file entry_33.cif (mmCIF, C-alpha atoms, pLDDT in the B column; chains and numbers go by the auth columns)
data_upload
#
loop_
_atom_site.group_PDB
_atom_site.id
_atom_site.type_symbol
_atom_site.label_atom_id
_atom_site.label_comp_id
_atom_site.label_asym_id
_atom_site.label_seq_id
_atom_site.Cartn_x
_atom_site.Cartn_y
_atom_site.Cartn_z
_atom_site.B_iso_or_equiv
_atom_site.auth_seq_id
_atom_site.auth_asym_id
ATOM 1 C CA MET A 1 164.654 0.878 312.302 85.00 1 A
ATOM 2 C CA SER A 2 168.189 2.140 312.069 89.00 2 A
ATOM 3 C CA TRP A 3 169.165 5.535 313.424 90.00 3 A
ATOM 4 C CA ALA A 4 169.824 6.823 309.900 90.00 4 A
ATOM 5 C CA ASP A 5 166.358 5.717 308.722 93.00 5 A
ATOM 6 C CA PHE A 6 164.677 7.250 311.754 92.00 6 A
ATOM 7 C CA GLN A 7 166.580 10.504 311.308 91.00 7 A
ATOM 8 C CA HIS A 8 165.603 10.667 307.622 93.00 8 A
ATOM 9 C CA HIS A 9 161.892 10.147 308.360 94.00 9 A
ATOM 10 C CA TRP A 10 162.022 12.594 311.244 92.00 10 A
ATOM 11 C CA ARG A 11 163.544 15.328 309.066 92.00 11 A
ATOM 12 C CA GLU A 12 160.968 14.814 306.305 94.00 12 A
ATOM 13 C CA THR A 13 158.163 15.032 308.849 94.00 13 A
ATOM 14 C CA GLN A 14 159.614 18.115 310.508 91.00 14 A
ATOM 15 C CA VAL A 15 159.892 19.937 307.177 92.00 15 A
ATOM 16 C CA GLY A 16 156.282 19.050 306.366 93.00 16 A
ATOM 17 C CA ILE A 17 155.022 20.340 309.699 92.00 17 A
ATOM 18 C CA LEU A 18 157.058 23.542 309.526 89.00 18 A
ATOM 19 C CA ASN A 19 155.662 24.220 306.050 91.00 19 A
ATOM 20 C CA LEU A 20 152.018 23.891 307.094 89.00 20 A
ATOM 21 C CA PRO A 21 150.124 27.077 306.274 89.00 21 A
ATOM 22 C CA THR A 22 148.905 28.643 309.506 87.00 22 A
ATOM 23 C CA ASP A 23 146.652 31.669 309.320 87.00 23 A
ATOM 24 C CA GLU A 24 145.726 31.945 312.967 91.00 24 A
ATOM 25 C CA PRO A 25 147.933 32.461 316.030 91.00 25 A
ATOM 26 C CA ASP A 26 146.434 29.429 317.789 93.00 26 A
ATOM 27 C CA GLU A 27 147.389 27.248 314.814 92.00 27 A
ATOM 28 C CA ALA A 28 150.952 28.542 314.949 90.00 28 A
ATOM 29 C CA GLU A 29 151.087 27.729 318.662 93.00 29 A
ATOM 30 C CA LEU A 30 150.013 24.156 317.942 93.00 30 A
ATOM 31 C CA VAL A 31 152.691 23.793 315.265 92.00 31 A
ATOM 32 C CA ASP A 32 155.280 25.078 317.756 92.00 32 A
ATOM 33 C CA GLN A 33 154.099 22.499 320.295 95.00 33 A
ATOM 34 C CA VAL A 34 154.345 19.687 317.733 94.00 34 A
ATOM 35 C CA VAL A 35 157.897 20.765 316.874 93.00 35 A
ATOM 36 C CA GLU A 36 158.840 20.727 320.573 95.00 36 A
ATOM 37 C CA ASP A 37 157.276 17.276 321.012 95.00 37 A
ATOM 38 C CA MET A 38 159.113 16.013 317.942 93.00 38 A
ATOM 39 C CA ALA A 39 162.421 17.256 319.374 92.00 39 A
ATOM 40 C CA GLU A 40 161.719 15.324 322.562 94.00 40 A
ATOM 41 C CA LEU A 41 160.942 12.173 320.556 92.00 41 A
ATOM 42 C CA PHE A 42 164.090 12.632 318.464 91.00 42 A
ATOM 43 C CA ASN A 43 166.286 12.929 321.560 91.00 43 A
ATOM 44 C CA LYS A 44 164.657 9.946 323.276 92.00 44 A
ATOM 45 C CA ARG A 45 165.218 7.813 320.182 91.00 45 A
ATOM 46 C CA ALA A 46 168.822 9.003 319.976 89.00 46 A
ATOM 47 C CA ASP A 47 169.358 7.985 323.604 90.00 47 A
ATOM 48 C CA ARG A 48 168.021 4.485 322.873 89.00 48 A
ATOM 49 C CA SER A 49 169.660 3.889 319.498 88.00 49 A
ATOM 50 C CA PRO A 50 173.017 2.139 319.715 88.00 50 A
ATOM 51 C CA ASP A 51 173.997 3.464 316.270 87.00 51 A
ATOM 52 C CA ALA A 52 173.107 7.112 317.052 85.00 52 A
ATOM 53 C CA PRO A 53 175.880 9.609 317.709 77.00 53 A
ATOM 54 C CA SER A 54 176.181 10.545 321.379 70.00 54 A
ATOM 55 C CA HIS A 55 175.048 14.164 321.145 54.00 55 A
ATOM 56 C CA GLU A 56 175.684 15.242 317.571 55.00 56 A
ATOM 57 C CA GLY A 57 172.723 16.218 315.447 54.00 57 A
ATOM 58 C CA ARG A 58 170.318 16.451 318.343 54.00 58 A
ATOM 59 C CA ALA A 59 167.104 18.401 317.852 55.00 59 A
#

call {"tool": "encode", "arguments": {"input": "entry_33.cif", "output": "structure tokens"}}
result
Amino acid sequence: MSWADFQHHWRETQVGILNLPTDEPDEAELVDQVVEDMAELFNKRADRSPDAPSHEGRA
């Protein structure tokens, strides 16, 4: 998968997760953890993708 394709899918997923309705504090904490984990995945993929910018657009 190209960097551009990965970045597109990642952004769509992030928006979906951030828009999840959370009524309880423990749910909000889980969403925050998922967002942090996604940022780690994004940066790891960027490090491995030859067509990714060096540090631009990092999570």

call {"tool": "closest_residue", "arguments": {"input": "entry_33.cif", "among": "A:Val34, A:Met1, A:Leu41, A:Ala52", "to": "A:Val15", "atoms": "only C-alpha atoms"}}
result
A:Val34

call {"tool": "closest_residue", "arguments": {"input": "entry_33.cif", "among": "A:Asn19, A:Trp3, A:Thr13, A:Glu27", "to": "A:Asn43", "atoms": "only C-alpha atoms"}}
result
A:Trp3

call {"tool": "atom_distance", "arguments": {"input": "entry_33.cif", "atom1": "atom CA of A:Asp37", "atom2": "atom CA of A:Gln7"}}
result
15.1 Å

call {"tool": "resolve_selection", "arguments": {"input": "entry_33.cif", "expression": "the PyMOL selection byres ((chain A and resi 4) around 12)", "output": "list of chain:residue names"}}
result
A:Met1, A:Ser2, A:Trp3, A:Asp5, A:Phe6, A:Gln7, A:His8, A:His9, A:Trp10, A:Arg11, A:Phe42, A:Arg45, A:Ala46, A:Ser49, A:Pro50, A:Asp51, A:Ala52, A:Pro53, A:Gly57

call {"tool": "atom_distance", "arguments": {"input": "entry_33.cif", "atom1": "atom CA of A:Lys44", "atom2": "atom CA of A:Asp32"}}
result
18.6 Å

call {"tool": "residues_around", "arguments": {"input": "entry_33.cif", "residues": "A:Val31", "least_positions_apart": "2", "cutoff": "10 Å", "atoms": "only C-alpha atoms", "output": "list in words"}}
result
Ile17, Leu18, Asn19, Leu20, Pro21, Thr22, Pro25, Asp26, Glu27, Ala28, Glu29, Gln33, Val34, Val35, Glu36 and Asp37 of chain A

call {"tool": "write_last_selection", "arguments": {"input": "entry_33.cif", "atoms": "C-alpha atoms", "output": "JSON list (two decimals), keeping the file's coordinate frame"}}
result
[["chain", "number", "residue", "atom", "x", "y", "z"],
["A", 17, "ILE", "CA", 155.02, 20.34, 309.70],
["A", 18, "LEU", "CA", 157.06, 23.54, 309.53],
["A", 19, "ASN", "CA", 155.66, 24.22, 306.05],
["A", 20, "LEU", "CA", 152.02, 23.89, 307.09],
["A", 21, "PRO", "CA", 150.12, 27.08, 306.27],
["A", 22, "THR", "CA", 148.90, 28.64, 309.51],
["A", 25, "PRO", "CA", 147.93, 32.46, 316.03],
["A", 26, "ASP", "CA", 146.43, 29.43, 317.79],
["A", 27, "GLU", "CA", 147.39, 27.25, 314.81],
["A", 28, "ALA", "CA", 150.95, 28.54, 314.95],
["A", 29, "GLU", "CA", 151.09, 27.73, 318.66],
["A", 33, "GLN", "CA", 154.10, 22.50, 320.30],
["A", 34, "VAL", "CA", 154.34, 19.69, 317.73],
["A", 35, "VAL", "CA", 157.90, 20.76, 316.87],
["A", 36, "GLU", "CA", 158.84, 20.73, 320.57],
["A", 37, "ASP", "CA", 157.28, 17.28, 321.01]]

call {"tool": "decode", "arguments": {"input": "entry_33.cif", "residues": "stretch 39-50 of chain A", "atoms": "all heavy atoms", "output": "CSV table (one decimal), in the first residue's frame"}}
result
chain,number,residue,atom,x,y,z
A,39,ALA,N,-1.5,6.8,16.5
A,39,ALA,CA,-0.4,7.7,16.2
A,39,ALA,C,0.9,6.9,16.2
A,39,ALA,O,1.8,7.2,15.3
A,39,ALA,CB,-0.3,8.8,17.3
A,40,GLU,N,1.1,6.0,17.1
A,40,GLU,CA,2.3,5.2,17.0
A,40,GLU,C,2.4,4.3,15.8
A,40,GLU,O,3.4,4.3,15.1
A,40,GLU,CB,2.3,4.3,18.3
A,40,GLU,CG,3.6,3.4,18.4
A,40,GLU,CD,3.6,2.6,19.6
A,40,GLU,OE1,2.8,2.8,20.5
A,40,GLU,OE2,4.4,1.7,19.7
A,41,LEU,N,1.3,3.8,15.4
A,41,LEU,CA,1.2,3.0,14.1
A,41,LEU,C,1.5,3.9,12.9
A,41,LEU,O,2.3,3.5,12.0
A,41,LEU,CB,-0.2,2.4,13.9
A,41,LEU,CG,-0.5,1.7,12.6
A,41,LEU,CD1,0.5,0.5,12.3
A,41,LEU,CD2,-1.9,1.3,12.5
A,42,PHE,N,0.9,5.1,12.9
A,42,PHE,CA,1.1,6.0,11.8
A,42,PHE,C,2.6,6.3,11.7
A,42,PHE,O,3.2,6.3,10.6
A,42,PHE,CB,0.3,7.3,12.1
A,42,PHE,CG,0.4,8.3,11.0
A,42,PHE,CD1,-0.5,8.3,10.0
A,42,PHE,CD2,1.4,9.3,11.0
A,42,PHE,CE1,-0.5,9.3,9.0
A,42,PHE,CE2,1.4,10.3,10.0
A,42,PHE,CZ,0.5,10.3,9.0
A,43,ASN,N,3.3,6.6,12.8
A,43,ASN,CA,4.7,7.0,12.7
A,43,ASN,C,5.6,5.8,12.4
A,43,ASN,O,6.6,6.0,11.6
A,43,ASN,CB,5.1,7.6,14.1
A,43,ASN,CG,4.5,9.0,14.3
A,43,ASN,OD1,4.2,9.7,13.3
A,43,ASN,ND2,4.2,9.3,15.5
A,44,LYS,N,5.2,4.6,12.8
A,44,LYS,CA,6.0,3.5,12.4
A,44,LYS,C,5.9,3.2,10.9
A,44,LYS,O,6.9,2.9,10.3
A,44,LYS,CB,5.6,2.2,13.2
A,44,LYS,CG,6.1,2.2,14.6
A,44,LYS,CD,5.6,0.9,15.3
A,44,LYS,CE,6.2,0.9,16.7
A,44,LYS,NZ,5.9,-0.3,17.4
A,45,ARG,N,4.7,3.3,10.4
A,45,ARG,CA,4.5,3.2,9.0
A,45,ARG,C,5.3,4.2,8.2
A,45,ARG,O,5.9,3.9,7.2
A,45,ARG,CB,3.0,3.2,8.6
A,45,ARG,CG,2.7,3.1,7.1
A,45,ARG,CD,3.2,1.8,6.5
A,45,ARG,NE,2.5,0.6,6.9
A,45,ARG,CZ,1.5,0.0,6.3
A,45,ARG,NH1,1.2,0.5,5.1
A,45,ARG,NH2,0.9,-1.0,6.8
A,46,ALA,N,5.2,5.5,8.7
A,46,ALA,CA,6.0,6.5,8.0
A,46,ALA,C,7.5,6.2,8.0
A,46,ALA,O,8.1,6.5,7.0
A,46,ALA,CB,5.7,7.9,8.7
A,47,ASP,N,8.0,5.7,9.1
A,47,ASP,CA,9.4,5.4,9.1
A,47,ASP,C,9.8,4.3,8.1
A,47,ASP,O,10.9,4.2,7.6
A,47,ASP,CB,9.8,4.9,10.5
A,47,ASP,CG,9.8,6.0,11.6
A,47,ASP,OD1,9.8,7.2,11.2
A,47,ASP,OD2,9.7,5.7,12.8
A,48,ARG,N,8.8,3.4,7.8
A,48,ARG,CA,9.1,2.2,6.9
A,48,ARG,C,8.8,2.5,5.5
A,48,ARG,O,9.2,1.7,4.6
A,48,ARG,CB,8.3,1.0,7.4
A,48,ARG,CG,8.7,0.5,8.7
A,48,ARG,CD,8.0,-0.7,9.1
A,48,ARG,NE,8.2,-1.1,10.5
A,48,ARG,CZ,7.3,-1.4,11.3
A,48,ARG,NH1,6.0,-1.4,10.9
A,48,ARG,NH2,7.6,-1.6,12.6
A,49,SER,N,8.0,3.6,5.2
A,49,SER,CA,7.5,3.8,3.9
A,49,SER,C,8.5,4.7,3.1
A,49,SER,O,8.8,5.8,3.5
A,49,SER,CB,6.2,4.5,3.9
A,49,SER,OG,5.2,3.7,4.5
A,50,PRO,N,9.1,4.2,2.0
A,50,PRO,CA,10.0,4.9,1.2
A,50,PRO,C,9.4,6.2,0.6
A,50,PRO,O,10.1,7.1,0.3
A,50,PRO,CB,10.5,4.0,0.2
A,50,PRO,CG,9.5,2.9,0.1
A,50,PRO,CD,8.8,2.8,1.4
